[in-house]
Amino acid sequence: MSKRVFLTGASAGIGLATVRALTAAGCQVWGTARDLNRLPVDVPGFHPAALDLNGDDRALEAAFAGALQEAGGRFDVIVNNAGGAWFGPGAEMPPEELRGQFEMLALGPIRLVQLAIPSLRMQPGGLVINVTSLAARLPLPFGSGYSAAKAALSVWTAAMQMEETAPLPAGQHPVRFVDVQPGDINTGFNRAMAFWSKTEDADDPLAEAVRRSLAASDRSLAGAPPPERVAKAIRQVVMDGSSGPLLTVGNAWQALGGSLAYRFLPRRLLLWTVRKNCGI
Ligand SMILES: NC(=O)c1ccc[n+]([C@@H]2O[C@H](COP(=O)([O-])OP(=O)(O)OC[C@H]3O[C@@H](n4cnc5c(N)ncnc54)[C@H](OP(=O)(O)O)[C@@H]3O)[C@@H](O)[C@H]2O)c1
C-alpha cells in the first residue's frame with residue numbers, strides 16, 4: 001500500500017521538491033500552505049490543505065484533522081518542513097516576531113506530531129521527519145530567534161528518539177524520528193524573510209552589519225545546492241526505512257565541514273568562523 005504523508009510547506013522550495021519526489025515514488029502526499037492557491041494542481045497523488053503555523057491552535061488542529069480524515073484516518077509519515085525567518089538583531093527583535101518564530105518552527109510542528117502520533121503508532125514504520133537546520137548547531141548572527149527555535153525542535157526530536165525506545169501498550173508501534181538539517185539551499189527562503197525595520201537605515205552602524213550579513217547569506221544561497229538535494233534525502237529516509245537519527249544535507253563545506261567544526265572546534269573559534277562566514 002502506498003505511504004500516506006503529511007507535509008507542511010508544500011508550496012515552495014524544499015517542500016515543493018519533496019512533494020514531487022515522494023509522489024513520483026508512489027506516495028500520497030497531503031501538503032500544506034497558508035494559501036491553497038499556492039499549492040500545485042498538476043501533481044497526481046497530491047492533496048492540498050491549508051495550514052498557518054502562526055494561526056490559533058484550534059485552526060491547526062482542525063486543519064490536521066481534516067487531512068487525516070481525507071487520508072482515511074492514517075498517516076505513515078509526517079514531514080515538518082514549513083518555515084521562515086525574521087532577520088535582524090536579537091536585541092531589537094519585536095516580541096511578537098520572537099513568539100512567531102517559536103510557534104512556526106517549534107511549537108506548531110511539535111503539536112502536529114502530537115496529533116499524528118496515535119495514527120503513526122497504529123502500524124510498524126511510522127516516521128516523523130523534522131526539517132530543522134544546520135543553524136540549530138551553528139547559529140546565525142541576526143537569525144537568533146530562527147536559530148534558537150530550530151535548536152528547540154532539534155533537541156525535542158532527540159528527546160523523542162529516546163522516548164520511542166520505551167515500551168508501548170500492546171498493539172502500538174514505536175515511531176522513528178529523523179532530524180534533517182539542511183545547510184544553505186537555493187530556494188526563495190531569503191526573499192520570504194521578514195526584516196528588522198531599521199535594516200535600510202544608512203546612518204545606523206548595526207544596520208550596516210545586518211546588510212553585510214544578509215548580502216553574504218544571499219550569495220551563499222545563490223551558490224547552494226537546489227532543493228531537490230534535500231528532497232532526495234527525504235525520499236530515501238521515507239522509502240528505505242532506515243537512516244541515522246541526524247542527517248545533514250548541503251554542500252560539503254557546510255554539511256561535512258560544519259558538522260566537524262561543531263564537534264571539534266572550541267566555541268570561541270567556532271563562533272569566529274561562522275561570524276566571518278556571515279560577513280561580520
Ligand atoms: N533554504 C535554506 O537554505 C534552508 C536551510 C536550512 C533549513 N531550511 C528549512 O527548510 C524548510 C523549508 O525552507 P525553504 O528554503 O524551502 O523555504 P521556502 O521556499 O521559503 O518555503 C517555505 C514554505 O513554508 C511555508 N510557510 C512559511 N511560513 C508559514 C507559516 N507561518 N505557516 C505555514 N506554512 C508556512 C511556505 O508556504 P506559504 O508561504 O505558501 O504559506 C512555504 O511552503 C524551512 O523549515 C527552513 O527553515 C532551509
# chains A, B, ... in the order shown; residues from 1 in each chain; ligands from 1
call {"tool": "residues_near_ligand", "arguments": {"ligand": "ligand 1", "cutoff": "7 Å", "atoms": "only C-alpha atoms and all ligand atoms", "output": "NGL selection string"}}
result
:A and (8-15 or 32-35 or 38 or 51-54 or 81-84 or 104-105 or 131-135 or 181-189 or 192 or 221 or 227)
call {"tool": "write_last_selection", "arguments": {"atoms": "C-alpha atoms", "output": "PDB file, in the first residue's frame"}}
result
ATOM      1  CA  THR A   8       3.988  21.211   5.759  1.00  0.00           C
ATOM      2  CA  GLY A   9       5.279  23.974   3.494  1.00  0.00           C
ATOM      3  CA  ALA A  10       4.449  22.248   0.202  1.00  0.00           C
ATOM      4  CA  SER A  11       4.067  25.407  -1.896  1.00  0.00           C
ATOM      5  CA  ALA A  12       7.736  26.276  -2.481  1.00  0.00           C
ATOM      6  CA  GLY A  13      11.381  25.320  -2.147  1.00  0.00           C
ATOM      7  CA  ILE A  14      12.276  22.124  -0.289  1.00  0.00           C
ATOM      8  CA  GLY A  15       8.635  21.243   0.412  1.00  0.00           C
ATOM      9  CA  THR A  32       0.079  22.443   3.220  1.00  0.00           C
ATOM     10  CA  ALA A  33       0.473  26.161   2.638  1.00  0.00           C
ATOM     11  CA  ARG A  34      -1.228  29.173   4.181  1.00  0.00           C
ATOM     12  CA  ASP A  35      -2.909  29.915   0.849  1.00  0.00           C
ATOM     13  CA  ARG A  38      -0.032  28.475  -3.920  1.00  0.00           C
ATOM     14  CA  LEU A  51      -2.443  25.481   7.389  1.00  0.00           C
ATOM     15  CA  ASP A  52      -0.957  28.530   9.098  1.00  0.00           C
ATOM     16  CA  LEU A  53       1.569  27.636  11.796  1.00  0.00           C
ATOM     17  CA  ASN A  54       1.154  31.153  13.179  1.00  0.00           C
ATOM     18  CA  ASN A  81       9.165  21.354   6.738  1.00  0.00           C
ATOM     19  CA  ALA A  82       7.407  24.752   6.654  1.00  0.00           C
ATOM     20  CA  GLY A  83       9.484  27.635   7.880  1.00  0.00           C
ATOM     21  CA  GLY A  84      10.541  31.220   7.564  1.00  0.00           C
ATOM     22  CA  MET A 104       6.129  28.382  13.402  1.00  0.00           C
ATOM     23  CA  LEU A 105       9.350  26.421  13.868  1.00  0.00           C
ATOM     24  CA  VAL A 131      13.416  19.624   8.846  1.00  0.00           C
ATOM     25  CA  THR A 132      15.398  21.807  11.243  1.00  0.00           C
ATOM     26  CA  SER A 133      18.621  23.470  10.061  1.00  0.00           C
ATOM     27  CA  LEU A 134      22.383  23.443  10.400  1.00  0.00           C
ATOM     28  CA  ALA A 135      21.641  26.730  12.216  1.00  0.00           C
ATOM     29  CA  GLN A 181      19.407  19.636   8.945  1.00  0.00           C
ATOM     30  CA  PRO A 182      19.963  21.428   5.627  1.00  0.00           C
ATOM     31  CA  GLY A 183      22.834  23.826   5.184  1.00  0.00           C
ATOM     32  CA  ASP A 184      22.235  26.625   2.668  1.00  0.00           C
ATOM     33  CA  ILE A 185      19.842  25.524  -0.092  1.00  0.00           C
ATOM     34  CA  ASN A 186      18.984  27.611  -3.142  1.00  0.00           C
ATOM     35  CA  THR A 187      15.306  28.437  -2.535  1.00  0.00           C
ATOM     36  CA  GLY A 188      13.315  31.641  -2.140  1.00  0.00           C
ATOM     37  CA  PHE A 189      13.815  31.432   1.641  1.00  0.00           C
ATOM     38  CA  ALA A 192      10.334  35.375   2.034  1.00  0.00           C
ATOM     39  CA  LEU A 221      22.143  30.712  -1.057  1.00  0.00           C
ATOM     40  CA  PRO A 227      16.042  21.956  -3.036  1.00  0.00           C
TER      41      PRO A 227
END
call {"tool": "residues_around", "arguments": {"residues": "A:Phe102", "least_positions_apart": "3", "cutoff": "9 Å", "atoms": "only C-alpha atoms", "output": "ChimeraX atom specification"}}
result
/A:97-99,105-108,145-146,148-150,152
call {"tool": "select_by_dssp", "arguments": {"residues": "stretch 201-248 of chain A", "states": "helix (DSSP H, G or I)", "output": "number ranges by chain"}}
result
A: 205-222, 227-240
call {"tool": "atom_distance", "arguments": {"atom1": "atom CA of A:Val43", "atom2": "atom CA of A:Val79"}}
result
18.1 Å
call {"tool": "select_by_dssp", "arguments": {"residues": "stretch 15-225 of chain A", "states": "strand (DSSP E)", "output": "number ranges by chain"}}
result
A: 28-33, 46-50, 77-80, 86-87, 127-131, 176-182, 194-195
call {"tool": "write_last_selection", "arguments": {"atoms": "N, CA and C atoms", "output": "PDB file, in the first residue's frame"}}
result
ATOM      1  N   GLN A  28       1.148   9.045  -1.421  1.00  0.00           N
ATOM      2  CA  GLN A  28       0.057  10.017  -1.415  1.00  0.00           C
ATOM      3  C   GLN A  28       0.470  11.104  -0.427  1.00  0.00           C
ATOM      4  N   VAL A  29       0.490  12.356  -0.889  1.00  0.00           N
ATOM      5  CA  VAL A  29       1.016  13.435  -0.045  1.00  0.00           C
ATOM      6  C   VAL A  29      -0.050  14.494   0.209  1.00  0.00           C
ATOM      7  N   TRP A  30      -0.342  14.723   1.499  1.00  0.00           N
ATOM      8  CA  TRP A  30      -1.182  15.845   1.902  1.00  0.00           C
ATOM      9  C   TRP A  30      -0.227  16.980   2.258  1.00  0.00           C
ATOM     10  N   GLY A  31      -0.224  18.024   1.427  1.00  0.00           N
ATOM     11  CA  GLY A  31       0.756  19.098   1.596  1.00  0.00           C
ATOM     12  C   GLY A  31       0.076  20.417   1.899  1.00  0.00           C
ATOM     13  N   THR A  32       0.732  21.219   2.750  1.00  0.00           N
ATOM     14  CA  THR A  32       0.079  22.443   3.220  1.00  0.00           C
ATOM     15  C   THR A  32       0.778  23.719   2.770  1.00  0.00           C
ATOM     16  N   ALA A  33      -0.022  24.786   2.764  1.00  0.00           N
ATOM     17  CA  ALA A  33       0.473  26.161   2.638  1.00  0.00           C
ATOM     18  C   ALA A  33      -0.574  27.031   3.310  1.00  0.00           C
ATOM     19  N   PHE A  46      -1.171  14.208  -5.061  1.00  0.00           N
ATOM     20  CA  PHE A  46      -1.013  15.326  -4.129  1.00  0.00           C
ATOM     21  C   PHE A  46      -2.382  15.838  -3.691  1.00  0.00           C
ATOM     22  N   HIS A  47      -2.517  16.117  -2.383  1.00  0.00           N
ATOM     23  CA  HIS A  47      -3.780  16.595  -1.812  1.00  0.00           C
ATOM     24  C   HIS A  47      -3.504  17.891  -1.054  1.00  0.00           C
ATOM     25  N   PRO A  48      -4.077  19.004  -1.502  1.00  0.00           N
ATOM     26  CA  PRO A  48      -3.793  20.292  -0.853  1.00  0.00           C
ATOM     27  C   PRO A  48      -4.530  20.468   0.476  1.00  0.00           C
ATOM     28  N   ALA A  49      -3.888  21.186   1.392  1.00  0.00           N
ATOM     29  CA  ALA A  49      -4.519  21.511   2.683  1.00  0.00           C
ATOM     30  C   ALA A  49      -4.014  22.878   3.136  1.00  0.00           C
ATOM     31  N   ALA A  50      -4.900  23.662   3.743  1.00  0.00           N
ATOM     32  CA  ALA A  50      -4.500  24.996   4.222  1.00  0.00           C
ATOM     33  C   ALA A  50      -4.074  24.903   5.686  1.00  0.00           C
ATOM     34  N   VAL A  77       3.732   8.964   7.575  1.00  0.00           N
ATOM     35  CA  VAL A  77       4.886   9.863   7.663  1.00  0.00           C
ATOM     36  C   VAL A  77       4.410  11.299   7.886  1.00  0.00           C
ATOM     37  N   ILE A  78       5.060  12.003   8.801  1.00  0.00           N
ATOM     38  CA  ILE A  78       4.851  13.446   8.963  1.00  0.00           C
ATOM     39  C   ILE A  78       6.172  14.133   8.617  1.00  0.00           C
ATOM     40  N   VAL A  79       6.117  15.124   7.746  1.00  0.00           N
ATOM     41  CA  VAL A  79       7.321  15.921   7.460  1.00  0.00           C
ATOM     42  C   VAL A  79       7.037  17.364   7.874  1.00  0.00           C
ATOM     43  N   ASN A  80       7.665  17.779   8.956  1.00  0.00           N
ATOM     44  CA  ASN A  80       7.569  19.175   9.394  1.00  0.00           C
ATOM     45  C   ASN A  80       8.629  19.959   8.642  1.00  0.00           C
ATOM     46  N   TRP A  86      12.801  35.740  10.655  1.00  0.00           N
ATOM     47  CA  TRP A  86      12.912  37.188  10.858  1.00  0.00           C
ATOM     48  C   TRP A  86      14.392  37.494  10.951  1.00  0.00           C
ATOM     49  N   PHE A  87      14.856  38.463  10.163  1.00  0.00           N
ATOM     50  CA  PHE A  87      16.293  38.744  10.073  1.00  0.00           C
ATOM     51  C   PHE A  87      16.585  40.106  10.695  1.00  0.00           C
ATOM     52  N   LEU A 127       6.828   7.312  10.889  1.00  0.00           N
ATOM     53  CA  LEU A 127       8.047   8.127  10.728  1.00  0.00           C
ATOM     54  C   LEU A 127       7.718   9.615  10.857  1.00  0.00           C
ATOM     55  N   VAL A 128       8.553  10.328  11.608  1.00  0.00           N
ATOM     56  CA  VAL A 128       8.480  11.799  11.657  1.00  0.00           C
ATOM     57  C   VAL A 128       9.812  12.353  11.178  1.00  0.00           C
ATOM     58  N   ILE A 129       9.742  13.228  10.170  1.00  0.00           N
ATOM     59  CA  ILE A 129      10.952  13.926   9.713  1.00  0.00           C
ATOM     60  C   ILE A 129      10.788  15.399  10.073  1.00  0.00           C
ATOM     61  N   ASN A 130      11.652  15.879  10.934  1.00  0.00           N
ATOM     62  CA  ASN A 130      11.641  17.301  11.256  1.00  0.00           C
ATOM     63  C   ASN A 130      12.777  17.976  10.508  1.00  0.00           C
ATOM     64  N   VAL A 131      12.404  18.870   9.594  1.00  0.00           N
ATOM     65  CA  VAL A 131      13.416  19.624   8.846  1.00  0.00           C
ATOM     66  C   VAL A 131      13.811  20.805   9.734  1.00  0.00           C
ATOM     67  N   ARG A 176       9.707   6.314  14.328  1.00  0.00           N
ATOM     68  CA  ARG A 176      11.093   6.725  14.058  1.00  0.00           C
ATOM     69  C   ARG A 176      11.125   8.233  13.823  1.00  0.00           C
ATOM     70  N   PHE A 177      12.042   8.905  14.487  1.00  0.00           N
ATOM     71  CA  PHE A 177      12.207  10.359  14.306  1.00  0.00           C
ATOM     72  C   PHE A 177      13.534  10.621  13.615  1.00  0.00           C
ATOM     73  N   VAL A 178      13.518  11.478  12.598  1.00  0.00           N
ATOM     74  CA  VAL A 178      14.759  11.862  11.922  1.00  0.00           C
ATOM     75  C   VAL A 178      14.839  13.391  11.862  1.00  0.00           C
ATOM     76  N   ASP A 179      15.977  13.901  12.284  1.00  0.00           N
ATOM     77  CA  ASP A 179      16.245  15.350  12.250  1.00  0.00           C
ATOM     78  C   ASP A 179      17.046  15.632  10.976  1.00  0.00           C
ATOM     79  N   VAL A 180      16.400  16.283   9.996  1.00  0.00           N
ATOM     80  CA  VAL A 180      17.086  16.632   8.743  1.00  0.00           C
ATOM     81  C   VAL A 180      17.543  18.085   8.848  1.00  0.00           C
ATOM     82  N   GLN A 181      18.851  18.283   8.773  1.00  0.00           N
ATOM     83  CA  GLN A 181      19.407  19.636   8.945  1.00  0.00           C
ATOM     84  C   GLN A 181      20.049  20.102   7.641  1.00  0.00           C
ATOM     85  N   PRO A 182      19.322  20.883   6.829  1.00  0.00           N
ATOM     86  CA  PRO A 182      19.963  21.428   5.627  1.00  0.00           C
ATOM     87  C   PRO A 182      20.941  22.543   5.986  1.00  0.00           C
ATOM     88  N   ALA A 194      11.149  38.137   6.883  1.00  0.00           N
ATOM     89  CA  ALA A 194      10.743  39.452   7.398  1.00  0.00           C
ATOM     90  C   ALA A 194      12.001  40.121   7.966  1.00  0.00           C
ATOM     91  N   PHE A 195      12.036  41.457   7.892  1.00  0.00           N
ATOM     92  CA  PHE A 195      13.269  42.158   8.263  1.00  0.00           C
ATOM     93  C   PHE A 195      13.063  43.187   9.366  1.00  0.00           C
TER      94      PHE A 195
END
